[in-house]
file my_file27.cif (mmCIF, C-alpha atoms)
data_upload
loop_
_atom_site.label_atom_id
_atom_site.label_comp_id
_atom_site.auth_asym_id
_atom_site.auth_seq_id
_atom_site.Cartn_x
_atom_site.Cartn_y
_atom_site.Cartn_z
CA MET A 1 -26.90 87.53 34.56
CA GLY A 2 -27.99 84.43 36.50
CA ASP A 3 -31.57 83.18 36.96
CA VAL A 4 -31.72 84.52 40.53
CA GLU A 5 -30.66 88.01 39.39
CA HIS A 6 -33.25 87.90 36.61
CA ILE A 7 -35.96 87.04 39.13
CA GLN A 8 -34.81 89.73 41.56
CA THR A 9 -34.80 92.34 38.77
CA ALA A 10 -38.29 91.26 37.68
CA GLU A 11 -39.61 91.52 41.22
CA GLN A 12 -38.14 95.02 41.56
CA GLN A 13 -40.11 96.00 38.47
CA GLY A 14 -43.35 94.73 39.98
CA VAL A 15 -43.39 91.31 38.32
CA SER A 16 -44.02 88.36 40.63
CA ARG A 17 -41.78 85.30 40.68
CA ARG A 18 -44.73 83.17 39.49
CA SER A 19 -45.37 85.49 36.56
CA PHE A 20 -41.69 85.41 35.65
CA ILE A 21 -41.61 81.60 35.65
CA LYS A 22 -44.84 81.41 33.67
CA GLY A 23 -43.30 83.76 31.13
CA VAL A 24 -40.25 81.53 30.77
CA ILE A 25 -42.49 78.50 30.27
CA ALA A 26 -44.65 80.39 27.78
CA THR A 27 -41.53 81.11 25.73
CA GLY A 28 -41.01 77.39 25.37
CA ALA A 29 -44.65 76.98 24.38
CA SER A 30 -44.37 79.62 21.66
CA VAL A 31 -41.35 77.85 20.23
CA SER A 32 -43.34 74.64 20.20
CA ALA A 33 -46.14 76.40 18.33
CA SER A 34 -43.80 76.77 15.35
CA ASN A 35 -44.37 73.07 14.72
CA TYR A 36 -48.00 73.85 13.84
CA VAL A 37 -49.44 75.70 10.87
CA LEU A 38 -52.90 76.98 10.07
CA ARG A 39 -54.57 75.41 7.07
CA GLY A 40 -58.13 76.36 6.29
CA GLY A 41 -58.52 77.89 9.74
CA HIS A 42 -57.47 74.72 11.55
CA GLY A 43 -54.20 73.90 13.28
CA VAL A 44 -52.25 71.14 11.60
CA ALA A 45 -49.27 69.48 13.23
CA LEU A 46 -46.15 69.26 11.14
CA ALA A 47 -44.31 65.97 10.99
CA GLN A 48 -42.39 65.14 14.15
CA ALA A 49 -38.71 64.30 13.93
CA PRO A 50 -37.86 60.64 14.59
CA GLY A 51 -37.70 59.95 18.32
CA SER A 52 -39.34 63.26 19.27
CA VAL A 53 -42.16 63.57 21.81
CA GLU A 54 -45.56 65.06 20.95
CA ARG A 55 -45.78 68.42 22.71
CA LEU A 56 -49.55 69.02 22.68
CA VAL A 57 -51.06 66.39 24.94
CA THR A 58 -54.42 65.75 26.60
CA LEU A 59 -54.34 65.16 30.34
CA THR A 60 -57.16 64.03 32.60
CA VAL A 61 -56.94 66.16 35.72
CA ASN A 62 -59.63 66.22 38.42
CA GLY A 63 -62.04 64.49 36.08
CA GLN A 64 -61.59 67.00 33.23
CA GLN A 65 -59.62 66.63 30.04
CA ARG A 66 -57.12 69.44 29.58
CA ARG A 67 -55.16 70.08 26.38
CA VAL A 68 -51.74 71.50 27.18
CA ASP A 69 -48.35 72.13 25.60
CA VAL A 70 -45.73 70.09 27.46
CA MET A 71 -41.98 70.12 27.00
CA PRO A 72 -40.29 66.68 26.84
CA GLN A 73 -38.64 66.88 30.29
CA GLU A 74 -41.38 68.89 32.01
CA THR A 75 -42.52 67.66 35.40
CA LEU A 76 -46.13 67.17 36.36
CA ALA A 77 -45.80 69.66 39.22
CA THR A 78 -44.66 72.36 36.78
CA THR A 79 -47.50 71.63 34.37
CA LEU A 80 -50.13 71.67 37.11
CA ARG A 81 -48.95 74.92 38.71
CA TYR A 82 -47.80 77.07 35.81
CA LYS A 83 -49.89 75.85 32.87
CA LEU A 84 -53.12 74.58 34.42
CA GLY A 85 -53.21 77.05 37.31
CA LEU A 86 -53.60 74.35 39.98
CA THR A 87 -51.38 76.01 42.55
CA GLY A 88 -52.52 73.80 45.42
CA THR A 89 -49.69 71.50 44.32
CA LYS A 90 -46.59 73.02 45.93
CA ILE A 91 -43.00 72.74 44.75
CA GLY A 92 -40.70 72.51 47.75
CA CYS A 93 -37.42 70.63 47.38
CA ASP A 94 -37.98 69.80 43.68
CA ARG A 95 -36.01 66.58 44.19
CA ALA A 96 -38.56 64.06 45.55
CA GLU A 97 -37.68 64.52 49.21
CA CYS A 98 -40.30 66.69 50.90
CA GLY A 99 -43.60 65.51 49.40
CA ALA A 100 -45.18 68.98 49.07
CA CYS A 101 -45.96 68.22 45.42
CA THR A 102 -47.78 64.93 46.11
CA VAL A 103 -50.74 64.20 43.83
CA LEU A 104 -52.73 61.07 43.08
CA ILE A 105 -52.20 59.21 39.81
CA ASP A 106 -54.84 56.52 39.34
CA GLY A 107 -55.44 56.78 43.08
CA VAL A 108 -51.80 56.26 44.07
CA ALA A 109 -49.72 59.02 45.69
CA HIS A 110 -46.79 60.25 43.57
CA TYR A 111 -44.33 63.11 43.80
CA GLY A 112 -45.28 65.59 41.08
CA CYS A 113 -41.76 67.00 40.90
CA SER A 114 -40.25 63.66 39.88
CA THR A 115 -43.00 62.53 37.50
CA LEU A 116 -42.78 63.63 33.87
CA THR A 117 -46.05 65.01 32.54
CA HIS A 118 -45.80 62.79 29.47
CA GLN A 119 -45.91 59.77 31.78
CA VAL A 120 -49.47 60.50 32.93
CA ARG A 121 -51.17 60.57 29.53
CA GLY A 122 -54.17 58.24 29.67
CA ARG A 123 -54.15 58.21 33.46
CA GLU A 124 -56.28 59.95 36.11
CA VAL A 125 -54.53 62.77 37.97
CA THR A 126 -56.11 64.21 41.12
CA THR A 127 -54.88 67.33 42.90
CA ILE A 128 -56.15 68.88 46.12
CA GLU A 129 -58.47 71.10 44.02
CA GLY A 130 -60.28 67.95 42.86
CA LEU A 131 -61.17 66.52 46.28
CA GLU A 132 -64.31 68.55 46.92
CA GLY A 133 -67.54 66.72 46.09
CA GLU A 134 -69.91 67.87 43.36
CA ASP A 135 -72.24 69.17 46.07
CA GLY A 136 -69.43 71.15 47.67
CA SER A 137 -68.85 68.65 50.47
CA LEU A 138 -65.35 68.24 51.81
CA HIS A 139 -63.34 65.05 51.62
CA PRO A 140 -62.91 63.36 55.05
CA VAL A 141 -59.25 64.42 55.09
CA GLN A 142 -60.15 68.04 54.37
CA GLN A 143 -62.84 67.95 57.05
CA ALA A 144 -60.34 66.53 59.54
CA VAL A 145 -57.94 69.40 58.79
CA VAL A 146 -60.74 71.90 59.44
CA ASP A 147 -61.83 70.14 62.63
CA LEU A 148 -58.38 69.95 64.18
CA GLN A 149 -56.54 72.89 62.57
CA GLY A 150 -53.79 70.42 61.84
CA PHE A 151 -51.14 72.57 60.15
CA GLN A 152 -49.20 75.73 60.92
CA CYS A 153 -47.72 77.41 57.83
CA ALA A 154 -49.56 74.83 55.67
CA PHE A 155 -47.00 74.85 52.84
CA CYS A 156 -46.72 71.08 53.18
CA MET A 157 -50.45 70.61 53.78
CA SER A 158 -51.66 69.73 50.28
CA GLY A 159 -49.00 67.04 49.93
CA PHE A 160 -49.93 65.51 53.28
CA VAL A 161 -53.63 65.73 52.42
CA MET A 162 -53.19 63.87 49.14
CA ASN A 163 -51.16 61.14 50.83
CA MET A 164 -53.80 60.87 53.58
CA VAL A 165 -56.46 60.43 50.90
CA GLU A 166 -54.60 57.36 49.67
CA LEU A 167 -54.37 56.17 53.28
CA THR A 168 -58.10 56.52 53.97
CA ASN A 169 -58.92 54.81 50.68
CA GLU A 170 -56.60 51.87 51.31
CA ASN A 171 -56.71 51.48 55.09
CA PRO A 172 -59.38 53.48 56.95
CA ASP A 173 -58.64 51.32 60.01
CA ALA A 174 -55.01 52.48 60.13
CA THR A 175 -53.46 52.87 63.55
CA ARG A 176 -51.47 55.98 64.46
CA ALA A 177 -48.24 54.06 63.88
CA GLU A 178 -49.45 52.86 60.47
CA ALA A 179 -50.45 56.40 59.54
CA ALA A 180 -46.99 57.64 60.55
CA GLN A 181 -45.37 54.99 58.36
CA HIS A 182 -47.62 55.83 55.41
CA LEU A 183 -46.87 59.54 55.70
CA SER A 184 -43.13 59.12 56.21
CA GLY A 185 -42.44 60.40 52.68
CA ASN A 186 -43.86 63.82 53.55
CA LEU A 187 -41.93 66.41 55.54
CA CYS A 188 -43.31 69.29 57.64
CA ARG A 189 -41.01 72.29 57.94
CA CYS A 190 -42.86 73.31 61.11
CA VAL A 191 -42.26 69.83 62.59
CA ASP A 192 -45.90 69.63 63.67
CA TYR A 193 -46.19 65.88 63.20
CA ASN A 194 -48.27 65.29 66.32
CA ARG A 195 -51.17 67.39 65.03
CA ILE A 196 -50.74 65.97 61.52
CA LEU A 197 -51.14 62.44 62.88
CA ASN A 198 -54.20 63.64 64.81
CA VAL A 199 -55.64 64.73 61.47
CA ALA A 200 -54.85 61.35 59.92
CA GLU A 201 -56.62 59.51 62.75
CA ARG A 202 -59.61 61.84 62.50
CA ALA A 203 -59.79 61.37 58.71
CA CYS A 204 -59.79 57.59 59.12
CA GLU A 205 -62.54 57.90 61.75
CA LEU A 206 -64.71 60.02 59.46
CA THR A 207 -64.19 57.55 56.62
CA ARG A 208 -65.14 54.60 58.80
CA ASN A 209 -68.29 56.46 59.88
CA GLY A 210 -69.42 56.72 56.27
CA MET A 211 -68.31 60.21 55.27
CA ARG A 212 -67.58 60.46 51.54
CA SER A 213 -64.21 58.98 50.59
#
call {"tool": "encode", "arguments": {"input": "my_file27.cif", "output": "structure tokens"}}
result
Amino acid sequence: MGDVEHIQTAEQQGVSRRSFIKGVIATGASVSASNYVLRGGHGVALAQAPGSVERLVTLTVNGQQRRVDVMPQETLATTLRYKLGLTGTKIGCDRAECGACTVLIDGVAHYGCSTLTHQVRGREVTTIEGLEGEDGSLHPVQQAVVDLQGFQCAFCMSGFVMNMVELTNENPDATRAEAAQHLSGNLCRCVDYNRILNVAERACELTRNGMRS
């Protein structure tokens, strides 16, 4: 039975697609756990085979350190969504074409679906969940989205928002044409680019006027 049939059967039995995928990933995690033993009540890692990659890693995500089991070829988008529960990061094309999975790594926009999780160890990862200020204030880009209702289905929204954050940080004086060029790596399935560029201009305006960036 193929993967699609497995998913369809699971959904018929009342299991969501997300739960099914998380279960598959958890299976890999349980296999990884066999590399660890309990000694004196503490987990001890067994010796890794030459050339192998450490599976239990510490990631810094939205200012917090998170310990997570990561498979060698696991993408950052998969880790964020299915292991850390940060579902604001969407997986669209899964081949670095649509930009729905865009996150910031050390302040620079990257596709989460084409970045291996092991590559971000020791680096700062920011997702859309991490944009809100400590006092609950919105980021200028988020406020611009609220002000202008800039998206329709909003599946692509978080990716656009994260790329706009990089834009406002780097060039708050960006023209509409410059914003369009900066956002060219993100695709909107509703083709609502006019309103999206309105949001970008509004976000730059709020940043220039001193709103938190």
call {"tool": "resolve_selection", "arguments": {"input": "my_file27.cif", "expression": "the PyMOL selection byres ((chain A and resi 177-185) around 8)", "output": "ChimeraX atom specification"}}
result
/A:97-99,160,163-164,167,174-176,186-187,197,200-201
call {"tool": "closest_residue", "arguments": {"input": "my_file27.cif", "among": "A:Arg208, A:Ala96, A:Pro140, A:Asn198", "to": "A:Gly159", "atoms": "only C-alpha atoms"}}
result
A:Ala96
call {"tool": "closest_residue", "arguments": {"input": "my_file27.cif", "among": "A:Leu138, A:Leu148, A:Val57, A:Ala77", "to": "A:Thr115", "atoms": "all atoms listed in the file"}}
result
A:Ala77
call {"tool": "resolve_selection", "arguments": {"input": "my_file27.cif", "expression": "the PyMOL selection byres ((chain A and resi 158) around 7)", "output": "PDB file with C-alpha atoms, in the coordinates of the input"}}
result
ATOM      1  CA  GLY A  88     -52.520  73.800  45.420  1.00  0.00           C
ATOM      2  CA  THR A  89     -49.690  71.500  44.320  1.00  0.00           C
ATOM      3  CA  ALA A 100     -45.180  68.980  49.070  1.00  0.00           C
ATOM      4  CA  ILE A 128     -56.150  68.880  46.120  1.00  0.00           C
ATOM      5  CA  CYS A 156     -46.720  71.080  53.180  1.00  0.00           C
ATOM      6  CA  MET A 157     -50.450  70.610  53.780  1.00  0.00           C
ATOM      7  CA  GLY A 159     -49.000  67.040  49.930  1.00  0.00           C
ATOM      8  CA  PHE A 160     -49.930  65.510  53.280  1.00  0.00           C
ATOM      9  CA  VAL A 161     -53.630  65.730  52.420  1.00  0.00           C
ATOM     10  CA  MET A 162     -53.190  63.870  49.140  1.00  0.00           C
TER      11      MET A 162
END
call {"tool": "residues_around", "arguments": {"input": "my_file27.cif", "residues": "A:Val191", "least_positions_apart": "6", "cutoff": "12 Å", "atoms": "all atoms listed in the file", "output": "list of chain:residue names"}}
result
A:Gly150, A:Phe151, A:Gln152, A:Cys153, A:Ala154, A:Phe155, A:Cys156, A:Leu197
call {"tool": "closest_residue", "arguments": {"input": "my_file27.cif", "among": "A:Glu54, A:Glu74, A:Glu129, A:Asp135", "to": "A:Thr87", "atoms": "only C-alpha atoms"}}
result
A:Glu129
call {"tool": "resolve_selection", "arguments": {"input": "my_file27.cif", "expression": "the PyMOL selection byres ((chain A and resi 132) around 12)", "output": "list in words"}}
result
Asn62, Gly63, Thr126, Thr127, Ile128, Glu129, Gly130, Leu131, Gly133, Glu134, Asp135, Gly136, Ser137, Leu138, His139, Pro140, Val141, Gln142, Gln143, Val165, Arg212 and Ser213 of chain A
call {"tool": "closest_residue", "arguments": {"input": "my_file27.cif", "among": "A:Leu116, A:Leu206, A:Cys93, A:Val125", "to": "A:Gln65", "atoms": "only C-alpha atoms"}}
result
A:Val125
call {"tool": "atom_distance", "arguments": {"input": "my_file27.cif", "atom1": "atom CA of A:Asn169", "atom2": "atom CA of A:His118"}}
result
26.2 Å
call {"tool": "atom_distance", "arguments": {"input": "my_file27.cif", "atom1": "atom CA of A:Asp106", "atom2": "atom CA of A:Ile91"}}
result
20.8 Å
